[in-house]
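Q: This is the structure I want to talk about, given as structure tokens.
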2 protein chains.
Amino acid sequence: MSIYTNIANHIALNPSEREYLDTKLRLKHIPKKTMLLEQGEVAKKFYYVDQGSLRAFNTNTKGKESTIMFAMKDWWITDMYAFMNQKPALVSIETLEKCALVELDFKAMESVLDKLPKLERYFRILFQRAYVREQLRVLDNISSDVEQRYFRFIEKYPDVSRKITQKQLASYLGVTPEFLSQIKNK
Amino acid sequence: MSIYTNIANHIALNPSEREYLDTKLRLKHIPKKTMLLEQGEVAKKFYYVDQGSLRAFNTNTKGKESTIMFAMKDWWITDMYAFMNQKPALVSIETLEKCALVELDFKAMESVLDKLPKLERYFRILFQRAYVREQLRVLDNISSDVEQRYFRFIEKYPDVSRKITQKQLASYLGVTPEFLSQIKNK
DNA sequence: CGTCTATTTGAATGTACTCAAAAGCGGTGG
DNA sequence: CCACCGCTTTTGAGTACATTCAAATAGACG
């Protein structure tokens with residue numbers, strides 16, 4: 001499981017620590033196009049992507065979908081708002097392809113952080129980066145037009161671009177698929 | 001200094017730990033309309049707002065300003081991208097009024113986290129919340145029109161709304177001041 | 001092969017921007 | 001304390017960007 005390699009990039013766990021952590025994690029194989037979380041449910045799990053790719057998206061009252069994030073190998077994904085507050089999720093999460101995911105549930109995460117405070121550092125770095133990433137996305141959204149955002153996305157995330165439909169990318173950029181189509185073919 | 005109260009909300013520091021931390025922090029009084037960081041400079045400091053309010057904004061090549069965040073009492077602010085990577089800042093930071101700020105510089109933060117690993121937890125929670133906040137802002141940006149975003153902002157951050165100009169709010173929402181004016185007077 | 005969804009194309013509409021000018025407001029100096 | 005200056009806010013006309021709706025085409029998948 002590459003999650004331990006990923007963790008080892010930031011902190012060093014000794015064998016007994018790793019063993020303890022291992023009791024709290026569960027590797028799951030999930031088919032393509034499977035809903036892991038439905039908008040409105042409490043988000044109970046935090047997923048580490050060992051293989052495959054996923055999408056988190058909100059559906060508004062008019063049925064319009066907005067993609068909040070894509071997750072690829074070595075990313076973590078959940079509805080973090082709903083997970084940390086144990087409240088109803090604002091987004092649904094679906095697999096885009098066959099996935100291998102490491103599940104960490106809310107209670108387990110609390111006890112892991114309690115028993116292995118070293119992991120606070122791991123998650124601190126994780127969230128710090130996630131914060132920076134989202135802030136850059138906000139800047140992009142409010143300062144650039146759709147064309148720039150489109151080209152910047154495919155440049156920054158070429159691997160993601162290959163796995164998603166244009167409709168999904170449009171819903172990530174916050175535009176209609178029709179308009180994105182026009183930009184592309186220009 | 002209310003920073004210790006703020007920290008105490010999340011973790012318990014014993015007197016010697018607090019004393020150590022105190023050697024790394026520096027309280028500064030800054031006048032109104034002062035630039036703490038200029039876009040392009042390396043961000044050396046992370047600021048905790050003890051009193052007053054601030055604004056972080058990017059200026060693009062055409063001179064258009066985009067406000068990334070406002071910071072009020074008990075918020076932390078810096079260009080986190082530039083701070084954590086020690087790279088040139090994408091934003092400038094200015095005081096909106098007379099401020100009392102607690103400064104933590106990059107090297108100091110590294111040694112504080114090293115010597116007082118308890119603080120990893122404090123910052124983990126801080127960044128986790130910041131991440132969620134930015135993610136909700138992204139969702140708002142891509143799924144709602146300007147009018148909704150405007151009303152949601154003044155409802156969610158009434159205290160911020162009172163301290164900033166409409167032009168600044170427009171640059172936070174990603175619209176022109178002229179258009180925001182129209183929305184308001186409708 | 002047929003069905004379902006994604007993508008493209010186009011016309012009409014609506015949303016937000018640009019530019020310009022006038023009015024309002026806050027701070028500063030006399 | 002008032003008058004002036006500079007910046008913010010308002011208002012309006014014309015333009016550009018992005019959406020909606022509809023229909024045709026292309027692709028994916030069972």
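Chain labels A, B, ... are given in the sequence in which chains occur in the structure tokens; within each chain residues are numbered consecutively from 1, and ligands are likewise numbered from 1 in the order shown.
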Please tabulate, as a Markdown table, the residues of chain A that come within 9 Å of chain C, each with its closest pair of atoms and the distance in Å to one decimal, counting only C-alpha atoms (C1' of nucleotides) and ordering rows by chain, then residue number upward.
A:
```
| residue | atom | partner | partner_atom | distance |
| --- | --- | --- | --- | --- |
| A:Thr165 | CA | C:DA6 | C1' | 8.0 |
| A:Gln166 | CA | C:DA6 | C1' | 8.1 |
| A:Lys167 | CA | C:DA6 | C1' | 7.5 |
| A:Pro177 | CA | C:DT7 | C1' | 8.3 |
| A:Glu178 | CA | C:DT8 | C1' | 7.8 |
| A:Ser181 | CA | C:DT8 | C1' | 7.1 |
| A:Gln182 | CA | C:DT8 | C1' | 8.2 |
```
Q: How would you write, as a PyMOL selection string, the set of residues in chain B that DSSP gives as strand (DSSP E)?
A: chain B and resi 26-30+35-37+45-51+54-59+65-71+76-77+92-95+99-105
Q: Excluding same-chain residues fewer than 2 positions from B:Gln86, what lies within 9 Å of it counting only C-alpha atoms (C1' of nucleotides), as an mmCIF file with N, CA and C atoms, in the first residue's frame?
A:
```cif
data_model
loop_
_atom_site.group_PDB
_atom_site.id
_atom_site.type_symbol
_atom_site.label_atom_id
_atom_site.label_comp_id
_atom_site.auth_asym_id
_atom_site.auth_seq_id
_atom_site.Cartn_x
_atom_site.Cartn_y
_atom_site.Cartn_z
ATOM 1 N N VAL B 42 9.645 37.509 -0.920
ATOM 2 C CA VAL B 42 9.462 36.250 -0.196
ATOM 3 C C VAL B 42 8.699 36.554 1.094
ATOM 4 N N ALA B 43 7.689 35.740 1.366
ATOM 5 C CA ALA B 43 6.875 35.958 2.575
ATOM 6 C C ALA B 43 7.619 35.363 3.766
ATOM 7 N N LYS B 44 8.125 36.207 4.617
ATOM 8 C CA LYS B 44 8.929 35.719 5.741
ATOM 9 C C LYS B 44 8.129 35.550 7.016
ATOM 10 N N TYR B 81 1.244 30.218 0.307
ATOM 11 C CA TYR B 81 2.020 29.587 -0.756
ATOM 12 C C TYR B 81 3.477 30.032 -0.680
ATOM 13 N N ALA B 82 3.667 31.348 -0.613
ATOM 14 C CA ALA B 82 5.017 31.910 -0.598
ATOM 15 C C ALA B 82 5.722 31.616 0.717
ATOM 16 N N PHE B 83 4.959 31.586 1.796
ATOM 17 C CA PHE B 83 5.552 31.343 3.111
ATOM 18 C C PHE B 83 6.072 29.913 3.210
ATOM 19 N N MET B 84 5.230 28.956 2.883
ATOM 20 C CA MET B 84 5.662 27.571 3.070
ATOM 21 C C MET B 84 6.737 27.133 2.086
ATOM 22 N N PRO B 88 8.601 33.863 -4.008
ATOM 23 C CA PRO B 88 7.990 35.197 -4.144
ATOM 24 C C PRO B 88 6.474 35.153 -3.967
ATOM 25 N N ALA B 89 5.981 36.110 -3.258
ATOM 26 C CA ALA B 89 4.557 36.158 -2.935
ATOM 27 C C ALA B 89 3.700 36.511 -4.147
ATOM 28 N N PHE B 106 9.397 32.436 9.409
ATOM 29 C CA PHE B 106 9.463 31.084 8.864
ATOM 30 C C PHE B 106 10.395 30.167 9.654
#
```
Q: Using only C-alpha atoms (C1' of nucleotides), determine which residues of chain D fall within 9 Å of chain B; present them as a compact mmCIF listing (two decimals) with N, CA and C atoms (P, O5', C5', C4', C3', O3' and C1' of nucleotides), in the first residue's frame.
A:
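Result went into out-v7.txt, see below:
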```
# COMPACT_ATOMS: atom_id res chain seq x y z
P DT D 8 -10.38 54.18 -3.78
O5' DT D 8 -11.92 54.15 -3.44
C5' DT D 8 -12.40 54.64 -2.21
C4' DT D 8 -13.89 54.86 -2.30
C3' DT D 8 -14.67 53.70 -2.94
O3' DT D 8 -15.72 53.38 -2.05
C1' DT D 8 -15.25 55.73 -3.98
P DT D 9 -16.69 52.12 -2.29
O5' DT D 9 -17.94 52.79 -3.02
C5' DT D 9 -18.70 53.78 -2.34
C4' DT D 9 -19.70 54.38 -3.31
C3' DT D 9 -20.56 53.36 -4.06
O3' DT D 9 -21.91 53.58 -3.67
C1' DT D 9 -19.76 55.07 -5.49
P DT D 10 -23.12 52.74 -4.28
O5' DT D 10 -23.58 53.66 -5.50
C5' DT D 10 -24.05 54.97 -5.24
C4' DT D 10 -24.35 55.68 -6.56
C3' DT D 10 -25.34 54.96 -7.48
O3' DT D 10 -26.42 55.86 -7.71
C1' DT D 10 -23.42 55.74 -8.67
P DT D 11 -27.82 55.29 -8.28
O5' DT D 11 -27.72 55.61 -9.84
C5' DT D 11 -27.39 56.93 -10.26
C4' DT D 11 -27.08 56.93 -11.74
C3' DT D 11 -27.90 55.95 -12.59
O3' DT D 11 -28.71 56.72 -13.46
C1' DT D 11 -25.59 55.93 -13.20
```
Q: Give me every helix (DSSP H, G or I) residue in chain A, going by DSSP on the backbone, as a ChimeraX atom specification.
A: /A:2-8,15-24,80-85,106-115,118-143,146-156,158-163,166-173,177-184
Q: Please find the residues of chain A near chain B - the criterion being any atom within 7 Å, counting only C-alpha atoms - and write them as a compact mmCIF listing (two decimals) with C-alpha atoms, in the first residue's frame.
A:
```
# COMPACT_ATOMS: atom_id res chain seq x y z
CA SER A 66 -20.43 21.78 -9.70
CA ILE A 68 -15.36 20.60 -6.20
CA MET A 80 -13.93 17.68 4.57
CA TYR A 81 -16.55 20.10 5.87
CA GLU A 120 -0.71 15.53 13.31
CA ARG A 121 2.33 16.72 11.38
CA PHE A 123 -2.05 15.96 8.23
CA ARG A 124 -0.91 19.48 9.03
CA PHE A 127 -4.12 20.45 4.89
CA GLN A 128 -1.65 23.29 4.55
CA ALA A 130 -4.73 21.71 0.33
CA TYR A 131 -5.42 25.20 1.67
CA VAL A 132 -2.83 26.74 -0.64
CA GLU A 134 -7.75 26.00 -2.97
CA GLN A 135 -6.60 29.55 -2.45
CA VAL A 138 -9.98 30.96 -5.89
CA LEU A 139 -7.49 33.47 -7.27
CA ILE A 142 -11.86 35.54 -9.64
CA SER A 143 -9.01 36.92 -11.72
CA LEU A 173 -14.42 25.51 -14.09
CA GLY A 174 -17.93 26.75 -13.44
```
Q: If we count only C-alpha atoms (C1' of nucleotides), what is near stretch 72-77 of chain B at a cut-off of 9 Å, once residues fewer than 2 positions away on the same chain are taken out, given as a PyMOL selection string?
A: chain B and resi 2-3+6+45-56+69-70+79-80+93+126+159-160
Q: Would you mind telling me which residue in A:Thr95, A:Ser111, A:Asn85, A:Gln148 lies nearest to A:Ile30 when using only C-alpha atoms?
A: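 Selected residue with least distance to A:Ile30: A:Thr95.
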